[in-house]
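Student: What follows is query.cif, mmCIF, C-alpha atoms.
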data_my_file
loop_
_atom_site.label_atom_id
_atom_site.label_comp_id
_atom_site.auth_asym_id
_atom_site.auth_seq_id
_atom_site.Cartn_x
_atom_site.Cartn_y
_atom_site.Cartn_z
CA MET A 1 98.25 98.83 50.36
CA CYS A 2 97.03 97.40 53.66
CA VAL A 3 98.72 98.80 56.75
CA ALA A 4 98.23 97.55 60.31
CA ARG A 5 98.27 99.86 63.33
CA GLN A 6 96.46 100.00 66.66
CA PRO A 7 93.32 102.20 66.56
CA ALA A 8 92.97 104.82 69.30
CA THR A 9 89.16 104.72 69.56
CA ALA A 10 86.23 102.45 68.83
CA ASP A 11 85.29 104.70 65.89
CA ALA A 12 88.83 104.39 64.49
CA ALA A 13 88.69 100.62 64.93
CA LEU A 14 85.45 100.45 62.93
CA VAL A 15 87.00 102.52 60.13
CA MET A 16 89.99 100.16 60.10
CA LEU A 17 87.70 97.13 60.10
CA GLU A 18 85.83 98.36 57.05
CA ALA A 19 89.12 99.27 55.32
CA ALA A 20 90.53 95.80 56.02
CA LEU A 21 87.44 94.13 54.57
CA ASP A 22 87.56 96.42 51.53
CA CYS A 23 91.20 95.43 51.04
CA LEU A 24 90.36 91.73 51.22
CA ASN A 25 87.36 92.12 48.94
CA SER A 26 89.40 93.89 46.29
CA ALA A 27 92.39 91.53 46.51
CA ASP A 28 92.97 88.98 43.78
CA VAL A 29 92.68 86.03 46.18
CA GLY A 30 92.30 83.64 43.27
CA SER A 31 95.92 84.22 42.37
CA LEU A 32 97.16 83.37 45.87
CA PRO A 33 98.61 79.94 46.52
CA ALA A 34 96.35 77.53 48.42
CA ALA A 35 98.47 77.90 51.57
CA ALA A 36 97.88 81.67 51.59
CA GLN A 37 94.17 81.15 50.98
CA ALA A 38 94.09 78.68 53.89
CA ASP A 39 95.81 81.23 56.14
CA CYS A 40 93.28 83.82 55.09
CA LEU A 41 90.39 81.50 55.94
CA ARG A 42 91.89 80.74 59.36
CA VAL A 43 92.27 84.43 60.18
CA LEU A 44 88.76 85.18 58.97
CA GLU A 45 87.35 82.48 61.25
CA ARG A 46 89.26 83.92 64.23
CA ALA A 47 87.98 87.35 63.26
CA GLU A 48 84.43 86.00 63.20
CA ALA A 49 84.83 84.76 66.77
CA GLY A 50 86.12 88.17 67.82
CA HIS A 51 83.28 89.82 65.91
CA THR A 52 80.74 87.70 67.78
CA ALA A 53 82.14 88.78 71.16
CA ALA A 54 82.40 92.44 70.14
CA ARG A 55 78.90 92.55 68.65
CA ALA A 56 77.46 90.88 71.74
CA ALA A 57 79.18 93.40 74.02
CA VAL A 58 77.95 96.40 72.02
CA LEU A 59 74.46 94.95 71.64
CA ALA A 60 74.25 94.18 75.37
CA ALA A 61 75.21 97.76 76.24
CA PHE A 62 72.83 99.14 73.59
CA THR A 63 70.01 96.99 74.97
CA ALA A 64 70.77 97.89 78.60
CA GLN A 65 70.60 101.59 77.71
CA GLY A 66 67.39 101.09 75.74
CA GLY A 67 69.03 102.54 72.63
CA PHE A 68 66.42 100.90 70.42
CA GLU A 69 63.71 102.96 72.12
CA ASP A 70 65.27 106.18 70.78
CA ASP A 71 64.20 105.00 67.32
CA GLY A 72 60.73 103.93 68.41
CA GLN A 73 61.49 100.21 68.49
CA GLN A 74 60.34 97.86 71.23
CA CYS A 75 63.39 95.61 71.32
CA ALA A 76 66.93 95.24 70.03
CA ARG A 77 65.90 92.52 67.59
CA SER A 78 63.40 94.73 65.76
CA TRP A 79 65.89 97.61 65.78
CA LEU A 80 68.55 95.38 64.22
CA THR A 81 66.24 94.24 61.42
CA TRP A 82 65.19 97.83 60.71
CA GLN A 83 68.49 99.69 61.09
CA THR A 84 71.02 97.11 59.91
CA ARG A 85 68.74 95.41 57.38
CA VAL A 86 69.55 91.90 58.57
CA ALA A 87 66.95 89.16 58.39
CA GLY A 88 64.85 88.49 61.48
CA GLY A 89 66.66 85.23 62.09
CA ALA A 90 70.05 86.93 61.99
CA ALA A 91 68.85 89.59 64.43
CA ALA A 92 67.50 86.89 66.73
CA GLY A 93 70.84 85.10 66.46
CA ALA A 94 72.72 88.24 67.51
CA VAL A 95 70.42 88.70 70.49
CA GLY A 96 70.87 85.01 71.30
CA TRP A 97 74.65 85.46 71.42
CA VAL A 98 74.20 88.29 73.92
CA ARG A 99 72.24 85.92 76.16
CA ARG A 100 74.60 82.97 75.66
CA LEU A 101 77.73 84.95 76.39
CA ALA A 102 76.12 86.63 79.41
CA ALA A 103 75.32 83.16 80.76
CA HIS A 104 78.84 81.89 79.98
CA PRO A 105 81.32 84.66 80.84
CA ALA A 106 84.31 82.33 80.48
CA VAL A 107 83.37 81.65 76.86
CA ASP A 108 82.77 85.36 76.29
CA GLY A 109 86.21 86.14 77.69
CA ALA A 110 87.82 83.44 75.59
CA LEU A 111 86.24 84.71 72.37
CA ALA A 112 87.08 88.32 73.14
CA ALA A 113 90.61 87.82 74.44
CA ASP A 114 91.85 84.93 72.35
CA PRO A 115 89.79 83.99 69.30
CA GLU A 116 92.27 81.18 68.66
CA THR A 117 90.67 79.13 71.44
CA GLY A 118 89.09 76.94 68.82
CA LEU A 119 85.56 78.17 69.46
CA ALA A 120 84.10 79.16 66.13
CA ALA A 121 81.44 81.83 66.33
CA GLY A 122 78.86 79.51 64.85
CA SER A 123 79.64 76.72 67.30
CA THR A 124 76.75 76.90 69.71
CA THR A 125 77.24 73.27 70.67
CA VAL A 126 79.58 74.21 73.51
CA LEU A 127 76.94 76.59 74.86
CA THR A 128 73.77 74.60 74.38
CA MET A 129 74.71 71.14 75.52
#
Since I need it in another form, could you write the structure as structure tokens?
Tutor:
Amino acid sequence: MCVARQPATADAALVMLEAALDCLNSADVGSLPAAAQADCLRVLERAEAGHTAARAAVLAAFTAQGGFEDDGQQCARSWLTWQTRVAGGAAAGAVGWVRRLAAHPAVDGALAADPETGLAAGSTTVLTM
């Protein structure tokens, strides 16, 4: 059963995030009506926007503190590829979002505060035009 409650700490929020994804991944979404599947897709897209803002905030703080140096890496991008096992392009994309959102604090605030603003996380058009 999936239960929603407000986490007290960032660690608790991460545990809840993983539990929510596990719940979705184990759900029989194929048996849901199309309207419920559509709702699920909408929420997942909003969550992706919120994820982009949260990841950029954590990565910016991690980079500012030189956290990657503790593991012998020269930059956040190389640390991400090594520690999180993402492809180099994905790591570069995450670092790029840190830079984009730092340059556009209004967009950062919109993604973080209200992911329903219509800005999809993958929509760099608004930031690169």
Student: What does the distance from CA of Val98 (chain A) to CA of Asn25 (chain A) come to in Å, to one decimal?
Tutor: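 Separating CA of Val98 (chain A) from CA of Asn25 (chain A) is a distance of 28.5 Å.
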Student: One decimal, in Å: what's the spacing between CA of Arg77 (chain A) and CA of Ala92 (chain A)?
Tutor: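 Distance reported for this atom pair: 5.9 Å.
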Student: Which is closest to Leu111 (chain A) among A:Gly50, A:Gly67, A:Gly96, A:Gly89, if we use all atoms listed in the file?
Tutor: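 Under the stated criterion, the closest residue is A:Gly50.
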Student: Just give me the gap between CA of Gln6 (chain A) and CA of Ala102 (chain A) in Å, one decimal is fine.
Tutor: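 If I compute the distance from CA of Gln6 (chain A) to CA of Ala102 (chain A), I get 27.5 Å.
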Student: Take the PyMOL selection byres ((chain A and resi 52-55) around 10), apply it to the structure above, and return the hits as a PyMOL selection string.
Tutor: chain A and resi 46-51+56-61+94-95+97-98+101+107-113+115+120-122
Student: Ranking A:Leu44, A:Ala10, A:Ala91, A:Leu80 by minimum distance to Leu24 (chain A) and counting only C-alpha atoms, which one comes first?
Tutor: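 Of all the options, A:Leu44 lies closest to Leu24 (chain A).
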Student: Kindly resolve the PyMOL selection byres ((chain A and resi 68) around 12) on the present coordinates and return the residues as a PyMOL selection string.
Tutor: chain A and resi 59-67+69-83
Student: Skip Gln37 (chain A) itself and residues of its chain fewer than 6 positions away, then list as a list of chain:residue names all residues within 12 Å of it, counting all atoms listed in the file.
Tutor: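 Using all atoms listed in the file, the neighbours found are A:Leu24, A:Ala27, A:Asp28, A:Val29, A:Gly30, A:Ser31, A:Val43, A:Leu44.
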Student: Take region 22-115 of chain A from the block and save it with C-alpha atoms, as an mmCIF file, in the first residue's frame.
Tutor:
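Result went into decode03.cif, see below:
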data_model
loop_
_atom_site.group_PDB
_atom_site.id
_atom_site.type_symbol
_atom_site.label_atom_id
_atom_site.label_comp_id
_atom_site.auth_asym_id
_atom_site.auth_seq_id
_atom_site.Cartn_x
_atom_site.Cartn_y
_atom_site.Cartn_z
ATOM 1 C CA ASP A 22 9.109 0.991 -6.129
ATOM 2 C CA CYS A 23 5.338 1.164 -5.645
ATOM 3 C CA LEU A 24 4.820 2.479 -9.176
ATOM 4 C CA ASN A 25 7.216 -0.044 -10.670
ATOM 5 C CA SER A 26 5.437 -2.944 -9.007
ATOM 6 C CA ALA A 27 1.922 -1.707 -9.797
ATOM 7 C CA ASP A 28 -0.091 -3.390 -12.525
ATOM 8 C CA VAL A 29 -0.388 -0.183 -14.569
ATOM 9 C CA GLY A 30 -1.496 -2.168 -17.596
ATOM 10 C CA SER A 31 -4.774 -2.897 -15.858
ATOM 11 C CA LEU A 32 -5.477 0.781 -15.159
ATOM 12 C CA PRO A 33 -7.900 2.643 -17.394
ATOM 13 C CA ALA A 34 -6.309 5.027 -19.899
ATOM 14 C CA ALA A 35 -7.453 8.054 -17.867
ATOM 15 C CA ALA A 36 -5.565 6.780 -14.810
ATOM 16 C CA GLN A 37 -2.494 6.069 -16.938
ATOM 17 C CA ALA A 38 -2.706 9.609 -18.339
ATOM 18 C CA ASP A 39 -2.896 11.029 -14.808
ATOM 19 C CA CYS A 40 0.128 8.969 -13.853
ATOM 20 C CA LEU A 41 2.100 10.294 -16.822
ATOM 21 C CA ARG A 42 1.165 13.889 -15.956
ATOM 22 C CA VAL A 43 2.313 13.480 -12.361
ATOM 23 C CA LEU A 44 5.527 11.792 -13.452
ATOM 24 C CA GLU A 45 6.318 14.710 -15.769
ATOM 25 C CA ARG A 46 5.716 17.193 -12.931
ATOM 26 C CA ALA A 47 7.911 15.050 -10.720
ATOM 27 C CA GLU A 48 10.642 15.132 -13.352
ATOM 28 C CA ALA A 49 10.576 18.935 -13.311
ATOM 29 C CA GLY A 50 10.837 18.911 -9.528
ATOM 30 C CA HIS A 51 13.621 16.324 -9.754
ATOM 31 C CA THR A 52 15.563 18.569 -12.131
ATOM 32 C CA ALA A 53 15.368 21.509 -9.709
ATOM 33 C CA ALA A 54 16.235 19.371 -6.673
ATOM 34 C CA ARG A 55 19.149 17.636 -8.403
ATOM 35 C CA ALA A 56 20.506 20.974 -9.615
ATOM 36 C CA ALA A 57 20.318 22.432 -6.098
ATOM 37 C CA VAL A 58 22.093 19.460 -4.518
ATOM 38 C CA LEU A 59 24.674 19.282 -7.299
ATOM 39 C CA ALA A 60 25.357 23.023 -7.057
ATOM 40 C CA ALA A 61 25.949 22.744 -3.305
ATOM 41 C CA PHE A 62 28.068 19.598 -3.776
ATOM 42 C CA THR A 63 30.146 21.370 -6.424
ATOM 43 C CA ALA A 64 30.528 24.547 -4.351
ATOM 44 C CA GLN A 65 31.825 22.479 -1.435
ATOM 45 C CA GLY A 66 34.164 20.516 -3.702
ATOM 46 C CA GLY A 67 32.541 17.252 -2.611
ATOM 47 C CA PHE A 68 33.872 15.493 -5.697
ATOM 48 C CA GLU A 69 37.435 16.188 -4.540
ATOM 49 C CA ASP A 70 36.893 13.997 -1.458
ATOM 50 C CA ASP A 71 36.724 11.040 -3.850
ATOM 51 C CA GLY A 72 39.726 12.125 -5.903
ATOM 52 C CA GLN A 73 37.717 13.490 -8.822
ATOM 53 C CA GLN A 74 38.485 16.745 -10.605
ATOM 54 C CA CYS A 75 34.915 17.828 -11.305
ATOM 55 C CA ALA A 76 31.300 17.037 -10.537
ATOM 56 C CA ARG A 77 30.753 15.559 -13.993
ATOM 57 C CA SER A 78 33.443 12.897 -13.569
ATOM 58 C CA TRP A 79 32.208 12.171 -10.039
ATOM 59 C CA LEU A 80 28.667 11.664 -11.330
ATOM 60 C CA THR A 81 29.781 9.209 -14.015
ATOM 61 C CA TRP A 82 31.879 7.274 -11.495
ATOM 62 C CA GLN A 83 29.624 7.296 -8.427
ATOM 63 C CA THR A 84 26.145 7.255 -9.975
ATOM 64 C CA ARG A 85 27.093 5.240 -13.070
ATOM 65 C CA VAL A 86 25.343 7.585 -15.479
ATOM 66 C CA ALA A 87 26.690 8.101 -18.978
ATOM 67 C CA GLY A 88 29.000 11.046 -19.580
ATOM 68 C CA GLY A 89 26.305 12.853 -21.534
ATOM 69 C CA ALA A 90 23.811 12.477 -18.695
ATOM 70 C CA ALA A 91 26.364 13.798 -16.206
ATOM 71 C CA ALA A 92 27.103 16.732 -18.494
ATOM 72 C CA GLY A 93 23.361 17.353 -18.771
ATOM 73 C CA ALA A 94 22.995 17.461 -14.981
ATOM 74 C CA VAL A 95 25.877 19.924 -14.711
ATOM 75 C CA GLY A 96 24.309 21.937 -17.533
ATOM 76 C CA TRP A 97 21.048 22.221 -15.575
ATOM 77 C CA VAL A 98 22.994 23.595 -12.613
ATOM 78 C CA ARG A 99 24.393 26.323 -14.867
ATOM 79 C CA ARG A 100 21.085 27.027 -16.629
ATOM 80 C CA LEU A 101 19.097 27.320 -13.433
ATOM 81 C CA ALA A 102 21.790 29.469 -11.808
ATOM 82 C CA ALA A 103 21.552 31.813 -14.793
ATOM 83 C CA HIS A 104 17.737 31.802 -14.687
ATOM 84 C CA PRO A 105 16.650 31.904 -11.031
ATOM 85 C CA ALA A 106 13.017 32.580 -11.947
ATOM 86 C CA VAL A 107 12.875 29.324 -13.903
ATOM 87 C CA ASP A 108 14.636 27.518 -11.060
ATOM 88 C CA GLY A 109 12.079 28.863 -8.600
ATOM 89 C CA ALA A 110 9.202 27.913 -10.869
ATOM 90 C CA LEU A 111 10.428 24.335 -11.271
ATOM 91 C CA ALA A 112 11.125 23.943 -7.567
ATOM 92 C CA ALA A 113 7.999 25.621 -6.222
ATOM 93 C CA ASP A 114 5.402 24.715 -8.816
ATOM 94 C CA PRO A 115 6.312 21.987 -11.287
#
